Amino acid sequence: MSDISTALSPAAAGSAPAVSLFDQISLREVVIRNRLWVAPMCQYSVTERDGVPTDWHLVHLGSMAAGGAGLIVAEATAVSPEGRITDLDTGIWNGAQASAWARIVDYLHRQGATAGIQLAHAGRKASTWPAWGTSLHGSVPADQGGWPTLAPSAIAFPGYAEPMALNNAGLDTVVADFVAAARRAIGAGFDVLELHAAHGYLLHQFLSPLSNKRTDEFGGSLTNRARLLLRIVEAVRAEVGDSVPLLVRFSATDYAVDGWTVDETAVVAGWAAQAGADFFDVSSGGNVTGVQIPLSPGYQVPLARFVKDTAAVPVNAVGLITTASHANEIIASGAADAVMLGREFLRDPHFGLRAARELGVQLDYWPGQYLRAAWATE
């Protein structure tokens, strides 16, 4: 694997002036007010099990919009019923779901934030018990509401039920589902779309040779393993036109021998950019178990920088970024063009306001209702 050990090296002499966390960034025709973004985080909170987002989602996402985030990417949202991780997931495969999302998007916009949605299909990791609210783990049996799962090959994720390998007609359906979901998302007012090709879900399963053992045109070589993702990128771009930014989230490595690598991620990111993607959200892991992930603050930043430098594409970094100074350093160093935070925004939905204060940045988008709580200028 290529050397990715240096994440925050200084910008080269004579390069463009460094940008900072609270500088605007433009993606196609969308201007995002800063580079401090909210990562998609599953809430497992659709209590009616119909994929329709609820008041929880409005308050959860809306609080971070009021709290100063730039782009807010809604959780992994299934493009089909069988694509849900759990039956408590949000969806966007029908009009009722899109209408409920429209209410949420409108609120995000009224707070000055940019609204994004992560379009997802869980593949062999679908039909599982949620991450909270139960002590059960693994696949949900059919007699308790579970459903058959789909994958590139009939290889189970460890501890889960064996999936069915998708045939060509099934692959065409997956592409069509992503396209229809993209159309509904734009109709609901979302500004930015993200395709979920990370964390061991369906598109990552196709990319990784550990989960893709096909011998047809969708398996074997890197070109073949990337074919489904690239078909979806091209089809979604054709559906939504030239003005909508399209992100792809990758797991840059499986952390496993003979698995998906950061070198392959950089190659496929370049191909995806040619196919119509604009920006790359670089995470890691999730496709196999029993691996060692080097968890530490910013541990995925070197992966993001490698993809950015190798493929010459814009990226964001994510992973245990918890302080304003660290987030700003990542941007100012050129390691990434934006950062996504998850857990820190859960702990403090107004992290954006606090981060600006800590960095000495004066914001013009403090909520008027909260101005009495604004820190006095020193």
# chains A, B, ... in the order shown; residues from 1 in each chain; ligands from 1
$ residues_around --residues "range 183-188 of chain A" --least-positions-apart "2" --cutoff "6 Å" --atoms "only C-alpha atoms" --output "compact mmCIF listing (two decimals) with N, CA, C and O atoms, in the first residue's frame"
# COMPACT_ATOMS: atom_id res chain seq x y z
N ALA A 98 -40.85 11.21 1.10
CA ALA A 98 -40.31 12.44 0.53
C ALA A 98 -41.00 13.67 1.12
O ALA A 98 -40.36 14.68 1.41
N ALA A 102 -39.35 16.75 3.20
CA ALA A 102 -39.45 18.14 2.74
C ALA A 102 -39.65 19.10 3.91
O ALA A 102 -39.10 20.20 3.92
N ALA A 180 -34.49 6.68 -8.65
CA ALA A 180 -35.79 7.16 -8.17
C ALA A 180 -35.64 7.87 -6.84
O ALA A 180 -36.30 8.89 -6.58
N ALA A 181 -34.79 7.35 -5.96
CA ALA A 181 -34.56 7.99 -4.66
C ALA A 181 -33.93 9.36 -4.84
O ALA A 181 -34.29 10.32 -4.14
N PHE A 190 -33.73 18.65 -1.05
CA PHE A 190 -32.33 18.45 -0.68
C PHE A 190 -31.41 19.12 -1.70
O PHE A 190 -31.67 19.09 -2.90
$ residues_around --residues "range 76-92 of chain A" --least-positions-apart "3" --cutoff "6 Å" --atoms "only C-alpha atoms" --output "list in words"
Tyr44, Ser45, Val46, Arg49, Gly51, Val52, Pro53, Gln97, Ala98, Gln118, Leu119, Ala120, His121, Ala122, Ala126, Ser127, Thr128, Pro130, Asp177, Phe178 and Ala181 of chain A
$ write_last_selection --atoms "C-alpha atoms" --output "PDB file, in the first residue's frame"
ATOM      1  CA  TYR A  44     -33.118   3.946  14.288  1.00  0.00           C
ATOM      2  CA  SER A  45     -36.106   6.070  15.243  1.00  0.00           C
ATOM      3  CA  VAL A  46     -38.845   5.403  12.664  1.00  0.00           C
ATOM      4  CA  ARG A  49     -41.435   1.127  10.648  1.00  0.00           C
ATOM      5  CA  GLY A  51     -39.456   4.672   6.526  1.00  0.00           C
ATOM      6  CA  VAL A  52     -41.093   8.057   7.193  1.00  0.00           C
ATOM      7  CA  PRO A  53     -38.866  10.456   9.171  1.00  0.00           C
ATOM      8  CA  GLN A  97     -41.342   9.680   2.919  1.00  0.00           C
ATOM      9  CA  ALA A  98     -40.307  12.439   0.529  1.00  0.00           C
ATOM     10  CA  GLN A 118     -27.190   9.805   2.119  1.00  0.00           C
ATOM     11  CA  LEU A 119     -28.815   7.346  -0.284  1.00  0.00           C
ATOM     12  CA  ALA A 120     -28.108   3.813   0.844  1.00  0.00           C
ATOM     13  CA  HIS A 121     -28.691   0.106   0.376  1.00  0.00           C
ATOM     14  CA  ALA A 122     -27.430  -2.143   3.151  1.00  0.00           C
ATOM     15  CA  ALA A 126     -29.770  -5.347   5.993  1.00  0.00           C
ATOM     16  CA  SER A 127     -32.580  -6.787   8.133  1.00  0.00           C
ATOM     17  CA  THR A 128     -30.677  -6.507  11.411  1.00  0.00           C
ATOM     18  CA  PRO A 130     -30.982  -1.801  15.683  1.00  0.00           C
ATOM     19  CA  ASP A 177     -33.990   2.465  -7.041  1.00  0.00           C
ATOM     20  CA  PHE A 178     -31.059   4.834  -6.514  1.00  0.00           C
ATOM     21  CA  ALA A 181     -34.561   7.990  -4.660  1.00  0.00           C
TER      22      ALA A 181
END
$ residues_around --residues "Ser26 in chain A" --least-positions-apart "4" --cutoff "12 Å" --atoms "only C-alpha atoms" --output "list of chain:residue names"
A:Val30, A:Val31, A:Ile32, A:Arg33, A:Asn34, A:Arg35, A:Gly70, A:Leu71, A:Thr114, A:Asp191, A:Val192, A:Ser243, A:Val244, A:Pro245, A:Asp278, A:Phe279, A:Pro314, A:Asp337, A:Ala338
$ closest_residue --among "A:Gln205, A:Thr134, A:Gln24, A:Ser153" --to "Ile331 in chain A" --atoms "only C-alpha atoms"
A:Gln24
$ residues_around --residues "range 253-257 of chain A" --least-positions-apart "4" --cutoff "8 Å" --atoms "only C-alpha atoms" --output "PyMOL selection string"
chain A and resi 208+261-262+265+284-288+291-293
$ residues_around --residues "Gly276 in chain A" --least-positions-apart "4" --cutoff "10 Å" --atoms "only C-alpha atoms" --output "ChimeraX atom specification"
/A:230,232-238,241-242,245-247,271-272
$ atom_distance --atom1 "CA of Val19 in chain A" --atom2 "CA of Tyr299 in chain A"
21.5 Å
